[in-house]
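What follows is the content of coords-v5.txt, which has compact mmCIF, C-alpha atoms:
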# COMPACT_ATOMS: atom_id res chain seq x y z
CA MET W 8 0.00 0.00 0.00
CA ARG W 9 1.56 3.27 -1.02
CA GLY W 10 0.65 6.40 0.94
CA PRO W 11 2.16 9.89 0.70
CA ARG W 12 5.79 9.78 1.76
CA LYS W 13 7.38 12.28 4.06
CA LEU W 14 11.03 13.14 4.49
CA GLU W 15 12.31 15.16 7.41
CA VAL W 16 15.49 17.08 6.63
CA TRP W 17 17.98 18.22 9.25
CA LYS W 18 20.37 20.90 7.97
CA MET W 19 23.18 20.66 10.44
CA GLY W 20 26.15 22.65 9.19
CA PHE W 21 29.49 21.42 10.57
CA VAL W 22 29.28 18.33 12.73
CA ASN W 23 32.05 16.36 14.35
CA TYR W 24 32.17 12.81 12.93
CA LEU W 25 31.57 10.97 16.20
CA ASP W 26 28.67 13.24 17.13
CA ALA W 27 27.06 12.53 13.76
CA LEU W 28 27.62 8.80 14.27
CA LYS W 29 25.94 8.82 17.69
CA LEU W 30 23.03 10.81 16.32
CA GLN W 31 22.61 8.36 13.45
CA GLU W 32 22.54 5.40 15.85
CA LYS W 33 19.74 7.06 17.80
CA LEU W 34 17.87 7.90 14.63
CA VAL W 35 18.19 4.36 13.26
CA TYR W 36 16.86 2.96 16.54
CA ASN W 37 13.92 5.36 16.51
CA ARG W 38 13.22 4.81 12.82
CA LYS W 39 13.19 1.05 13.29
CA LEU W 40 10.49 1.49 15.92
CA CYS W 41 8.60 3.84 13.56
CA ARG W 42 8.85 6.68 16.08
CA ILE W 43 10.23 9.04 13.46
CA PRO W 44 9.72 9.37 9.70
CA ASP W 45 12.43 8.89 7.08
CA THR W 46 15.09 11.42 8.03
CA LEU W 47 17.90 13.02 6.05
CA LEU W 48 20.92 14.64 7.66
CA SER W 49 22.66 17.27 5.54
CA LEU W 50 26.03 18.33 6.90
CA GLN W 51 29.78 18.76 6.56
CA HIS W 52 32.61 17.35 8.67
CA PRO W 53 35.88 18.86 9.79
CA PRO W 54 38.84 17.04 8.16
CA THR W 55 38.20 13.37 8.92
CA TYR W 56 39.41 10.07 7.48
CA THR W 57 37.07 7.13 7.91
CA ILE W 58 37.58 3.42 7.36
CA GLY W 59 34.81 0.93 6.63
CA LYS W 60 33.93 -2.44 8.15
CA ARG W 61 36.63 -4.29 6.23
CA ARG W 62 39.22 -2.17 8.11
CA THR W 63 41.43 -1.44 5.13
CA ASP W 64 44.06 0.33 7.23
CA HIS W 65 46.66 -0.37 4.58
CA ASN W 66 45.02 2.32 2.43
CA LEU W 67 46.00 5.04 4.90
CA LEU W 68 49.38 6.18 3.59
CA ILE W 69 50.58 8.26 6.52
CA PRO W 70 51.08 7.04 10.09
CA SER W 71 48.01 7.73 12.19
CA SER W 72 50.26 9.64 14.58
CA GLU W 73 50.81 12.20 11.80
CA LEU W 74 47.11 12.94 11.38
CA LYS W 75 47.01 15.51 14.14
CA ASN W 76 49.73 17.46 12.34
CA ILE W 77 47.56 17.83 9.28
CA GLY W 78 44.52 18.67 11.38
CA ALA W 79 42.56 15.49 10.71
CA GLU W 80 40.89 12.72 12.72
CA LEU W 81 40.56 9.02 11.90
CA HIS W 82 37.48 6.91 12.68
CA TYR W 83 36.58 3.28 12.16
CA THR W 84 33.02 2.59 11.13
CA GLN W 85 30.58 -0.22 10.35
CA ARG W 86 29.71 1.12 6.92
CA GLY W 87 30.55 -0.55 3.65
CA GLY W 88 33.23 0.82 1.39
CA ASP W 89 36.91 1.51 1.84
CA ILE W 90 38.83 4.46 3.27
CA THR W 91 37.73 7.98 2.46
CA PHE W 92 38.16 11.60 3.46
CA HIS W 93 35.52 14.08 4.58
CA GLY W 94 36.16 17.78 4.98
CA PRO W 95 34.95 21.32 4.50
CA ARG W 96 33.18 22.06 1.20
CA GLN W 97 32.19 18.46 0.75
CA ALA W 98 28.43 17.99 0.95
CA ILE W 99 27.34 14.98 2.98
CA LEU W 100 23.93 13.35 3.12
CA TYR W 101 23.13 10.67 5.68
CA PRO W 102 19.68 9.24 4.91
CA ILE W 103 18.09 7.32 7.78
CA ILE W 104 15.31 5.65 5.83
CA SER W 105 13.40 2.40 5.78
CA LEU W 106 14.28 0.49 2.64
CA ARG W 107 11.59 -2.10 3.34
CA GLU W 108 8.86 0.52 3.22
CA ILE W 109 9.89 1.54 -0.26
CA GLY W 110 10.80 -1.97 -1.41
CA LEU W 111 14.43 -1.15 -2.22
CA GLY W 112 17.38 -3.47 -1.80
CA ALA W 113 20.95 -2.33 -1.18
CA ARG W 114 21.83 -2.30 -4.86
CA ASN W 115 18.90 -0.11 -5.93
CA TYR W 116 19.38 2.18 -2.96
CA VAL W 117 23.02 2.79 -3.79
CA GLU W 118 22.13 3.36 -7.45
CA LYS W 119 19.73 6.09 -6.40
CA LEU W 120 22.39 7.68 -4.21
CA GLU W 121 24.67 7.70 -7.24
CA LEU W 122 21.91 9.27 -9.35
CA THR W 123 21.41 11.97 -6.72
CA MET W 124 25.00 13.12 -7.20
CA ILE W 125 24.87 12.64 -10.98
CA GLU W 126 21.80 14.89 -11.16
CA LEU W 127 23.40 17.60 -9.07
CA SER W 128 26.49 17.51 -11.28
CA SER W 129 24.35 17.86 -14.40
CA LEU W 130 22.84 21.09 -13.03
CA TYR W 131 26.32 22.52 -13.57
CA GLY W 132 26.92 20.97 -16.95
CA VAL W 133 29.11 18.17 -15.57
CA LYS W 134 28.52 14.73 -17.06
CA ALA W 135 29.05 12.32 -14.20
CA CYS W 136 28.25 8.65 -14.19
CA ALA W 137 28.07 5.69 -11.85
CA GLY W 138 31.16 3.57 -11.42
CA GLN W 139 31.93 0.37 -13.23
CA LYS W 140 31.06 -2.87 -11.49
CA GLY W 141 32.74 -2.96 -8.10
CA GLU W 142 33.54 0.76 -8.14
CA THR W 143 30.44 2.21 -6.54
CA GLY W 144 30.52 5.97 -6.58
CA VAL W 145 30.23 8.84 -9.03
CA TRP W 146 32.84 9.61 -11.64
CA VAL W 147 33.66 12.26 -14.18
CA GLY W 148 35.69 10.29 -16.66
CA GLU W 149 38.41 8.61 -14.59
CA ARG W 150 38.09 11.05 -11.72
CA LYS W 151 35.94 10.39 -8.67
CA ILE W 152 33.64 13.21 -7.61
CA GLY W 153 31.33 11.44 -5.16
CA ALA W 154 31.70 8.59 -2.71
CA ILE W 155 29.23 6.24 -1.08
CA GLY W 156 29.44 4.11 2.06
CA VAL W 157 26.31 2.72 3.62
CA ARG W 158 25.14 0.63 6.53
CA ILE W 159 21.82 -1.22 6.51
CA SER W 160 20.52 -2.62 9.76
CA HIS W 161 17.07 -4.21 9.96
CA GLY W 162 16.32 -2.48 6.68
CA ILE W 163 17.20 1.01 8.01
CA THR W 164 20.01 2.93 6.33
CA SER W 165 22.75 5.05 7.87
CA HIS W 166 25.92 6.73 6.59
CA GLY W 167 25.39 7.70 2.94
CA LEU W 168 27.07 9.87 0.36
CA ALA W 169 29.77 12.52 0.15
CA PHE W 170 29.88 14.88 -2.82
CA ASN W 171 32.97 17.00 -3.53
CA ILE W 172 31.86 20.57 -4.12
CA ASP W 173 35.28 22.15 -3.51
CA PRO W 174 37.16 20.36 -0.74
CA ASP W 175 40.94 20.57 -0.32
CA LEU W 176 41.91 17.65 -2.53
CA LYS W 177 45.43 17.46 -1.04
CA TYR W 178 43.96 15.50 1.87
CA PHE W 179 43.20 12.67 -0.55
CA LYS W 180 46.91 12.23 -1.25
CA HIS W 181 47.34 10.62 2.18
CA ILE W 182 45.07 7.70 1.31
CA VAL W 183 44.35 5.30 -1.50
CA PRO W 184 40.86 6.74 -1.90
CA CYS W 185 38.22 4.02 -1.75
CA GLY W 186 41.02 1.50 -2.23
CA ILE W 187 41.38 2.33 -5.91
CA THR W 188 45.02 3.02 -6.76
CA ASP W 189 45.12 4.48 -10.22
CA LYS W 190 42.27 6.97 -10.21
CA GLU W 191 42.16 10.64 -9.22
CA VAL W 192 39.75 12.46 -7.02
CA THR W 193 38.07 15.60 -8.31
CA SER W 194 35.48 18.20 -7.31
CA LEU W 195 32.60 20.06 -8.92
CA SER W 196 34.52 23.31 -8.86
CA ARG W 197 37.31 21.65 -10.87
CA GLU W 198 34.98 20.12 -13.42
CA THR W 199 32.64 23.01 -14.15
CA SER W 200 33.18 26.42 -15.66
CA THR W 201 29.87 27.59 -14.18
CA MET W 202 30.04 29.88 -11.16
CA LEU W 203 28.93 27.92 -8.12
CA PRO W 204 26.29 29.47 -5.84
CA SER W 205 26.62 29.49 -2.06
CA GLU W 206 27.14 26.20 -0.28
CA GLU W 207 23.76 26.51 1.36
CA VAL W 208 22.11 26.63 -2.06
CA MET W 209 24.14 23.65 -3.27
CA HIS W 210 23.20 21.59 -0.22
CA GLU W 211 19.54 22.40 -0.81
CA GLN W 212 19.87 21.36 -4.45
CA LEU W 213 21.45 18.06 -3.41
CA ILE W 214 18.61 17.49 -0.95
CA SER W 215 16.04 18.26 -3.67
CA CYS W 216 17.65 15.79 -6.06
CA PHE W 217 17.54 13.16 -3.31
CA ALA W 218 13.92 13.85 -2.40
CA ARG W 219 12.79 13.72 -6.02
CA LEU W 220 14.69 10.53 -6.88
CA PHE W 221 13.37 8.76 -3.81
CA GLY W 222 9.79 9.83 -4.48
CA TYR W 223 9.05 11.84 -1.38
CA ASN W 224 5.81 13.84 -1.60
CA THR W 225 6.51 16.03 1.37
CA VAL W 226 9.77 17.46 2.62
CA VAL W 227 9.77 18.93 6.10
CA TRP W 228 12.71 21.02 7.30
CA LYS W 229 13.43 20.47 10.96
CA GLU W 230 13.79 23.71 12.85
CA ASN W 231 16.99 24.14 14.84
CA PRO W 232 18.13 20.52 14.74
CA SER W 233 20.34 19.65 17.64
CA ILE W 234 22.69 16.75 18.24
CA LEU W 235 21.22 16.60 21.74
CA SER W 236 17.85 15.77 20.30
CA ASP W 237 15.01 14.56 22.46
CA LEU W 238 14.99 11.22 20.69
CA GLU W 239 14.40 8.02 22.62
CA GLU W 240 17.63 6.61 23.95
CA ILE W 241 18.68 3.17 22.76
CA GLU W 242 17.62 0.56 25.31
CA MET Q 8 33.01 -11.11 19.21
CA ALA Q 9 32.53 -11.61 15.53
CA LEU Q 10 35.22 -13.38 13.61
CA ARG Q 11 36.10 -11.03 10.81
CA MET Q 12 36.71 -12.90 7.66
CA TRP Q 13 38.21 -10.49 5.20
CA ALA Q 14 37.72 -11.59 1.67
CA SER Q 15 39.00 -10.26 -1.59
CA SER Q 16 36.42 -9.36 -4.16
CA THR Q 17 35.64 -12.11 -6.63
CA ALA Q 18 34.18 -11.83 -10.03
CA ASN Q 19 32.08 -14.94 -9.61
CA ALA Q 20 28.50 -13.92 -10.17
CA LEU Q 21 27.46 -17.04 -12.01
CA ARG Q 22 24.20 -18.51 -10.85
CA ILE Q 23 24.32 -22.24 -10.24
CA SER Q 24 20.95 -23.81 -10.88
CA CYS Q 25 19.67 -25.90 -7.97
CA ALA Q 26 18.53 -28.48 -10.50
CA SER Q 27 22.15 -29.40 -11.22
CA LYS Q 28 22.61 -30.92 -7.75
CA PRO Q 29 21.01 -34.37 -7.89
CA HIS Q 30 21.45 -35.07 -4.19
CA LEU Q 31 19.30 -32.12 -3.27
CA SER Q 32 15.98 -33.69 -2.33
CA LEU Q 33 14.01 -30.47 -2.11
CA ALA Q 34 11.54 -29.65 -4.85
CA PHE Q 35 11.57 -26.04 -5.83
CA SER Q 36 9.15 -23.49 -7.11
CA PHE Q 37 9.76 -20.27 -8.96
CA SER Q 38 7.93 -17.25 -7.66
CA ARG Q 39 6.60 -14.64 -10.00
CA CYS Q 40 9.28 -12.25 -8.83
CA PHE Q 41 11.80 -14.50 -10.57
CA SER Q 42 13.84 -15.23 -7.47
CA THR Q 43 14.15 -18.85 -6.50
CA VAL Q 44 12.18 -19.91 -3.47
CA LEU Q 45 12.68 -23.46 -2.26
CA ASP Q 46 9.95 -25.63 -0.82
CA GLY Q 47 10.78 -27.29 2.45
CA LEU Q 48 12.64 -24.29 3.86
CA LYS Q 49 11.34 -21.69 6.27
CA TYR Q 50 11.80 -17.97 5.68
CA SER Q 51 12.06 -14.79 7.73
CA SER Q 52 10.73 -11.38 6.78
CA SER Q 53 14.31 -10.14 6.59
CA HIS Q 54 15.05 -12.66 3.80
CA GLU Q 55 16.96 -15.40 5.61
CA TRP Q 56 16.17 -19.09 5.11
CA VAL Q 57 16.37 -21.99 7.56
CA LYS Q 58 16.70 -25.67 6.69
CA HIS Q 59 15.88 -27.80 9.69
CA ASP Q 60 17.58 -31.19 9.52
CA GLY Q 61 17.23 -33.20 12.71
CA SER Q 62 19.12 -31.50 15.48
CA VAL Q 63 20.86 -28.88 13.35
CA ALA Q 64 19.44 -26.01 11.35
CA THR Q 65 21.31 -24.41 8.46
CA ILE Q 66 20.85 -20.71 7.80
CA GLY Q 67 21.60 -18.42 4.89
CA ILE Q 68 20.11 -15.57 2.91
CA THR Q 69 17.66 -16.09 0.09
CA ASP Q 70 18.04 -15.72 -3.65
CA HIS Q 71 15.79 -12.65 -3.47
CA ALA Q 72 18.10 -11.13 -0.88
CA GLN Q 73 21.31 -11.77 -2.81
CA ASP Q 74 19.77 -10.35 -5.96
CA HIS Q 75 18.80 -7.15 -4.16
CA LEU Q 76 22.23 -6.87 -2.54
CA GLY Q 77 24.38 -7.13 -5.61
CA GLU Q 78 27.76 -8.85 -5.70
CA VAL Q 79 28.84 -9.80 -2.18
CA VAL Q 80 32.51 -8.96 -1.58
CA PHE Q 81 32.85 -9.52 2.15
CA VAL Q 82 31.14 -11.67 4.77
CA GLU Q 83 31.39 -11.24 8.53
CA LEU Q 84 30.48 -14.34 10.51
CA PRO Q 85 30.43 -15.09 14.23
CA GLU Q 86 32.58 -17.62 16.07
CA PRO Q 87 31.23 -21.13 16.51
CA GLY Q 88 30.11 -21.62 20.09
CA GLY Q 89 28.40 -18.25 20.17
CA SER Q 90 24.66 -17.95 20.32
CA ALA Q 91 22.08 -16.78 17.85
CA THR Q 92 18.83 -15.06 18.81
CA GLN Q 93 15.73 -14.96 16.66
CA GLY Q 94 15.47 -11.61 14.92
CA LYS Q 95 18.90 -10.41 16.02
CA GLY Q 96 21.95 -9.92 13.81
CA PHE Q 97 24.64 -12.60 13.73
CA GLY Q 98 26.80 -11.24 10.95
CA ALA Q 99 26.92 -8.98 7.94
CA VAL Q 100 27.59 -8.94 4.23
CA GLU Q 101 29.06 -6.16 2.12
CA SER Q 102 28.05 -5.40 -1.44
CA VAL Q 103 28.08 -2.17 -3.48
CA LYS Q 104 29.75 -0.35 -0.58
CA ALA Q 105 26.84 -1.24 1.71
CA THR Q 106 27.14 -3.46 4.76
CA SER Q 107 23.88 -5.22 5.50
CA ASP Q 108 23.21 -7.00 8.78
CA VAL Q 109 22.07 -10.60 8.53
CA ASN Q 110 19.58 -11.69 11.18
CA SER Q 111 19.01 -15.15 12.58
CA PRO Q 112 15.55 -16.61 11.97
CA ILE Q 113 15.89 -18.82 15.05
CA SER Q 114 17.65 -18.97 18.40
CA GLY Q 115 20.25 -21.48 19.44
CA GLU Q 116 23.92 -22.36 19.70
CA ILE Q 117 26.04 -21.67 16.63
CA VAL Q 118 27.79 -24.96 15.98
CA GLU Q 119 29.45 -24.26 12.63
CA VAL Q 120 30.13 -21.36 10.30
CA ASN Q 121 30.90 -21.52 6.60
CA SER Q 122 34.60 -20.74 6.39
CA LYS Q 123 34.53 -20.96 2.57
CA LEU Q 124 32.83 -17.56 2.53
CA SER Q 125 36.04 -15.77 3.55
CA GLU Q 126 37.75 -16.71 0.29
CA ALA Q 127 34.62 -16.93 -1.83
CA PRO Q 128 31.97 -14.49 -0.61
CA GLY Q 129 30.34 -14.68 -4.05
CA LEU Q 130 28.97 -18.11 -3.13
CA ILE Q 131 26.19 -16.20 -1.45
CA ASN Q 132 25.21 -14.87 -4.89
CA SER Q 133 25.83 -17.99 -6.94
CA SER Q 134 24.57 -20.61 -4.51
CA SER Q 135 22.49 -18.90 -1.85
CA TYR Q 136 20.70 -22.08 -0.70
CA GLU Q 137 23.61 -24.49 -0.89
CA GLU Q 138 27.28 -23.56 -0.88
CA GLY Q 139 26.45 -20.03 0.28
CA TRP Q 140 25.06 -21.23 3.64
CA MET Q 141 26.28 -19.04 6.50
CA ILE Q 142 25.84 -20.70 9.89
CA LYS Q 143 24.53 -23.90 11.44
CA VAL Q 144 22.58 -23.64 14.67
CA LYS Q 145 21.32 -26.12 17.26
CA PRO Q 146 17.80 -24.73 17.73
CA SER Q 147 16.95 -23.94 21.35
CA SER Q 148 13.23 -23.37 20.70
CA PRO Q 149 11.94 -25.53 17.82
CA SER Q 150 8.57 -23.79 18.06
CA GLU Q 151 10.20 -20.66 16.62
CA LEU Q 152 10.13 -22.36 13.22
CA GLU Q 153 6.34 -22.13 13.27
CA SER Q 154 6.50 -18.33 13.34
CA LEU Q 155 8.44 -18.30 10.06
CA MET Q 156 7.00 -18.28 6.55
CA GLY Q 157 6.69 -21.26 4.23
CA SER Q 158 7.75 -21.04 0.61
CA LYS Q 159 4.41 -19.88 -0.84
CA GLU Q 160 3.96 -17.26 1.85
CA TYR Q 161 7.51 -16.02 1.38
CA ALA Q 162 7.17 -15.82 -2.40
CA LYS Q 163 4.06 -13.66 -1.94
CA PHE Q 164 5.88 -11.56 0.65
CA CYS Q 165 8.68 -10.85 -1.86
CA GLU Q 166 6.21 -9.85 -4.53
CA GLU Q 167 4.42 -7.45 -2.21
CA GLU Q 168 7.64 -5.91 -1.00
CA ASP Q 169 8.92 -5.36 -4.55
CA ALA Q 170 5.56 -3.92 -5.62
CA SER Q 171 5.77 -1.13 -3.07
CA HIS Q 172 8.76 0.32 -4.93
Write-out of the structure in structure tokens:
Amino acid sequence: MRGPRKLEVWKMGFVNYLDALKLQEKLVYNRKLCRIPDTLLSLQHPPTYTIGKRRTDHNLLIPSSELKNIGAELHYTQRGGDITFHGPRQAILYPIISLREIGLGARNYVEKLELTMIELSSLYGVKACAGQKGETGVWVGERKIGAIGVRISHGITSHGLAFNIDPDLKYFKHIVPCGITDKEVTSLSRETSTMLPSEEVMHEQLISCFARLFGYNTVVWKENPSILSDLEEIE
Amino acid sequence: MALRMWASSTANALRISCASKPHLSLAFSFSRCFSTVLDGLKYSSSHEWVKHDGSVATIGITDHAQDHLGEVVFVELPEPGGSATQGKGFGAVESVKATSDVNSPISGEIVEVNSKLSEAPGLINSSSYEEGWMIKVKPSSPSELESLMGSKEYAKFCEEEDASH
């Protein structure tokens, strides 16, 4: 039975990685119990390297003791995917949605996340496409512009996508990004000749692409979202 | 804690037809959603199957599940000797940069895990009901099997879930 579908969007600005992780855990718990609707976090992180469930530490090319010197943190996560970097001017979306309610499996979900970034790129005349088999993500030619790493627990998603608007790409030199050795990382600002609007506008465009691709009828913007939300604690 | 079995990605996405295994005594039916659903197994709403054989039950994920996941590149399994609880996660699979929890359809002691999956995680795609089995459990509450779906019910469940997309 298909009713109208509602998405609640939290525009959060800069959020520390661990704080965002804790918030997602609470949201997943609450979503699983149907206490909240499908929720989308829109945010940026300070310079942070993250490693996925397979713990591909070998793809971090500098000693972890050096990270402080370059102003970055490192976190291990339960998401899929390899090592990646998050930082300022990279737009992140963490959808906390029920895949069972919309009848999507992991593969279709990830395809739609790829399409979200492909659509945003096309708004600026950039022809991006999904990766070849085994190289999930969004590419402009041989250069990676968007990354995906997802966790699905009891059919509820967490983590999500990271789209390079104009991050400092030098940070990517300290890793084998996504475990792929011979490909570059790029950003929208590098690939387009169009003037980019403010980041706030770009984040809203990314959210709109997401909402449209996932068929949400209603998008509600949460007022003053706080990490210290009054969500039910995990029992 | 979970035994992490790191596996390199394989390119093996070939589907092995169940009909090619003559020793397999289960009849099978094809659902209209074109995933294979086997008679004689029980199914959970999170797409795991259970084959109850005397004192041991074998558990894996269904053909429908593996199809919706994409190519599995990594499988995380628990240690033997641990315990499984109905409805709770016992491991995870990774495909298309997504880790998906796998839940146990029944409770009991985990007596064996499929170590082949560390080197060949793609068995879950190519042979989800046979070589791609994940754990074997000594059921602690046999009545739990009654709360699971039979093959016809599960086939309908898959259809309905796909139709909501």
Pull the closest atom pair for each residue of chain Q that gets at most 10 Å from chain W, along with the distance in Å to one decimal, counting only C-alpha atoms, ordering rows by chain and then ascending residue number, as JSON lines.
{"residue": "Q:Arg11", "atom": "CA", "partner": "W:Arg61", "partner_atom": "CA", "distance": 8.2}
{"residue": "Q:Met12", "atom": "CA", "partner": "W:Arg61", "partner_atom": "CA", "distance": 8.7}
{"residue": "Q:Trp13", "atom": "CA", "partner": "W:Arg61", "partner_atom": "CA", "distance": 6.5}
{"residue": "Q:Ala14", "atom": "CA", "partner": "W:Arg61", "partner_atom": "CA", "distance": 8.7}
{"residue": "Q:Ser16", "atom": "CA", "partner": "W:Gly141", "partner_atom": "CA", "distance": 8.4}
{"residue": "Q:Thr17", "atom": "CA", "partner": "W:Gly141", "partner_atom": "CA", "distance": 9.7}
{"residue": "Q:Ala18", "atom": "CA", "partner": "W:Gly141", "partner_atom": "CA", "distance": 9.2}
{"residue": "Q:Ser52", "atom": "CA", "partner": "W:Arg107", "partner_atom": "CA", "distance": 9.9}
{"residue": "Q:Ser53", "atom": "CA", "partner": "W:His161", "partner_atom": "CA", "distance": 7.4}
{"residue": "Q:His71", "atom": "CA", "partner": "W:Gly112", "partner_atom": "CA", "distance": 9.5}
{"residue": "Q:Ala72", "atom": "CA", "partner": "W:Gly112", "partner_atom": "CA", "distance": 7.7}
{"residue": "Q:Gln73", "atom": "CA", "partner": "W:Gly112", "partner_atom": "CA", "distance": 9.2}
{"residue": "Q:Asp74", "atom": "CA", "partner": "W:Arg114", "partner_atom": "CA", "distance": 8.4}
{"residue": "Q:His75", "atom": "CA", "partner": "W:Gly112", "partner_atom": "CA", "distance": 4.6}
{"residue": "Q:Leu76", "atom": "CA", "partner": "W:Ala113", "partner_atom": "CA", "distance": 4.9}
{"residue": "Q:Gly77", "atom": "CA", "partner": "W:Arg114", "partner_atom": "CA", "distance": 5.5}
{"residue": "Q:Glu78", "atom": "CA", "partner": "W:Gly141", "partner_atom": "CA", "distance": 8.1}
{"residue": "Q:Val79", "atom": "CA", "partner": "W:Gly141", "partner_atom": "CA", "distance": 9.9}
{"residue": "Q:Val80", "atom": "CA", "partner": "W:Gly141", "partner_atom": "CA", "distance": 8.9}
{"residue": "Q:Phe81", "atom": "CA", "partner": "W:Arg61", "partner_atom": "CA", "distance": 7.6}
{"residue": "Q:Val82", "atom": "CA", "partner": "W:Arg61", "partner_atom": "CA", "distance": 9.3}
{"residue": "Q:Glu83", "atom": "CA", "partner": "W:Arg61", "partner_atom": "CA", "distance": 9.0}
{"residue": "Q:Gly94", "atom": "CA", "partner": "W:His161", "partner_atom": "CA", "distance": 9.1}
{"residue": "Q:Lys95", "atom": "CA", "partner": "W:His161", "partner_atom": "CA", "distance": 8.9}
{"residue": "Q:Gly96", "atom": "CA", "partner": "W:His161", "partner_atom": "CA", "distance": 8.4}
{"residue": "Q:Ala99", "atom": "CA", "partner": "W:Ser160", "partner_atom": "CA", "distance": 9.2}
{"residue": "Q:Val100", "atom": "CA", "partner": "W:Gly87", "partner_atom": "CA", "distance": 8.9}
{"residue": "Q:Glu101", "atom": "CA", "partner": "W:Gly87", "partner_atom": "CA", "distance": 6.0}
{"residue": "Q:Ser102", "atom": "CA", "partner": "W:Gly87", "partner_atom": "CA", "distance": 7.5}
{"residue": "Q:Val103", "atom": "CA", "partner": "W:Thr143", "partner_atom": "CA", "distance": 5.8}
{"residue": "Q:Lys104", "atom": "CA", "partner": "W:Gly88", "partner_atom": "CA", "distance": 4.2}
{"residue": "Q:Ala105", "atom": "CA", "partner": "W:Gly87", "partner_atom": "CA", "distance": 4.2}
{"residue": "Q:Thr106", "atom": "CA", "partner": "W:Gly87", "partner_atom": "CA", "distance": 4.6}
{"residue": "Q:Ser107", "atom": "CA", "partner": "W:Ile159", "partner_atom": "CA", "distance": 4.6}
{"residue": "Q:Asp108", "atom": "CA", "partner": "W:Ser160", "partner_atom": "CA", "distance": 5.2}
{"residue": "Q:Val109", "atom": "CA", "partner": "W:Ser160", "partner_atom": "CA", "distance": 8.2}
{"residue": "Q:Asn110", "atom": "CA", "partner": "W:His161", "partner_atom": "CA", "distance": 8.0}
{"residue": "Q:Cys165", "atom": "CA", "partner": "W:Gly110", "partner_atom": "CA", "distance": 9.1}
{"residue": "Q:Glu166", "atom": "CA", "partner": "W:Gly110", "partner_atom": "CA", "distance": 9.6}
{"residue": "Q:Glu167", "atom": "CA", "partner": "W:Gly110", "partner_atom": "CA", "distance": 8.4}
{"residue": "Q:Glu168", "atom": "CA", "partner": "W:Gly110", "partner_atom": "CA", "distance": 5.1}
{"residue": "Q:Asp169", "atom": "CA", "partner": "W:Gly110", "partner_atom": "CA", "distance": 5.0}
{"residue": "Q:Ala170", "atom": "CA", "partner": "W:Gly110", "partner_atom": "CA", "distance": 7.0}
{"residue": "Q:Ser171", "atom": "CA", "partner": "W:Gly110", "partner_atom": "CA", "distance": 5.4}
{"residue": "Q:His172", "atom": "CA", "partner": "W:Gly110", "partner_atom": "CA", "distance": 4.7}
Query raised in the report: Quick one, how far is atom CA of Thr57 of chain W from atom CA of Leu81 of chain W?
Result: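 Result for atom CA of Thr57 of chain W versus atom CA of Leu81 of chain W: 5.6 Å, one decimal.
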Report task. Show which residues sit within 9 Å of segment 18-24 of chain W, as a count of residues only. Count all atoms listed in the file, and ignore same-chain residues fewer than 2 positions away. Result -> 25
Six-sided padding of 8 Å per side, axis-aligned box over segment 154-164 of chain Q, centre and edges in Å, one decimal, as lines of an AutoDock Vina configuration file:
center_x = 6.2
center_y = -16.4
center_z = 5.5
size_x = 20.5
size_y = 25.7
size_z = 31.7
Query raised in the report: For Thr69 of chain Q, which residue out of Q:Gly98, Q:Gly115, Q:Gly157, Q:Gly139 is the nearest one, using all atoms listed in the file?
Result: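 Distance minimum relative to Thr69 of chain Q lands on Q:Gly139.
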Query raised in the report: With distances taken over only C-alpha atoms, which of Q:Glu119, Q:Glu86, Q:Glu160, Q:Glu55 is nearest to Ile142 of chain Q?
Result: Q:Glu119
**Report entry** Polymer residues at most 12 Å from Ile77 of chain W, only C-alpha atoms, same-chain spacing of 4 or more positions, as a list in words
**Finding:**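 That gives Pro53, Pro54, Thr55, Tyr56, Ile69, Pro70, Ser71, Ser72, Glu73, Leu81, Asp175, Lys177, Tyr178, Phe179, Lys180 and His181 of chain W.
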Keeping only C-alpha atoms, write the selected residues to a file as a tab-separated table (two decimals), keeping the file's coordinate frame.
chain	number	residue	atom	x	y	z
W	53	PRO	CA	35.88	18.86	9.79
W	54	PRO	CA	38.84	17.04	8.16
W	55	THR	CA	38.20	13.37	8.92
W	56	TYR	CA	39.41	10.07	7.48
W	69	ILE	CA	50.58	8.26	6.52
W	70	PRO	CA	51.08	7.04	10.09
W	71	SER	CA	48.01	7.73	12.19
W	72	SER	CA	50.26	9.64	14.58
W	73	GLU	CA	50.81	12.20	11.80
W	81	LEU	CA	40.56	9.02	11.90
W	175	ASP	CA	40.94	20.57	-0.32
W	177	LYS	CA	45.43	17.46	-1.04
W	178	TYR	CA	43.96	15.50	1.87
W	179	PHE	CA	43.20	12.67	-0.55
W	180	LYS	CA	46.91	12.23	-1.25
W	181	HIS	CA	47.34	10.62	2.18
Requested in this report: Mind giving me the straight-line distance from atom CA of Ile172 of chain W to atom CA of Arg197 of chain W in Å, one decimal?
Outcome: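 Going from atom CA of Ile172 of chain W over to atom CA of Arg197 of chain W, I get 8.7 Å.
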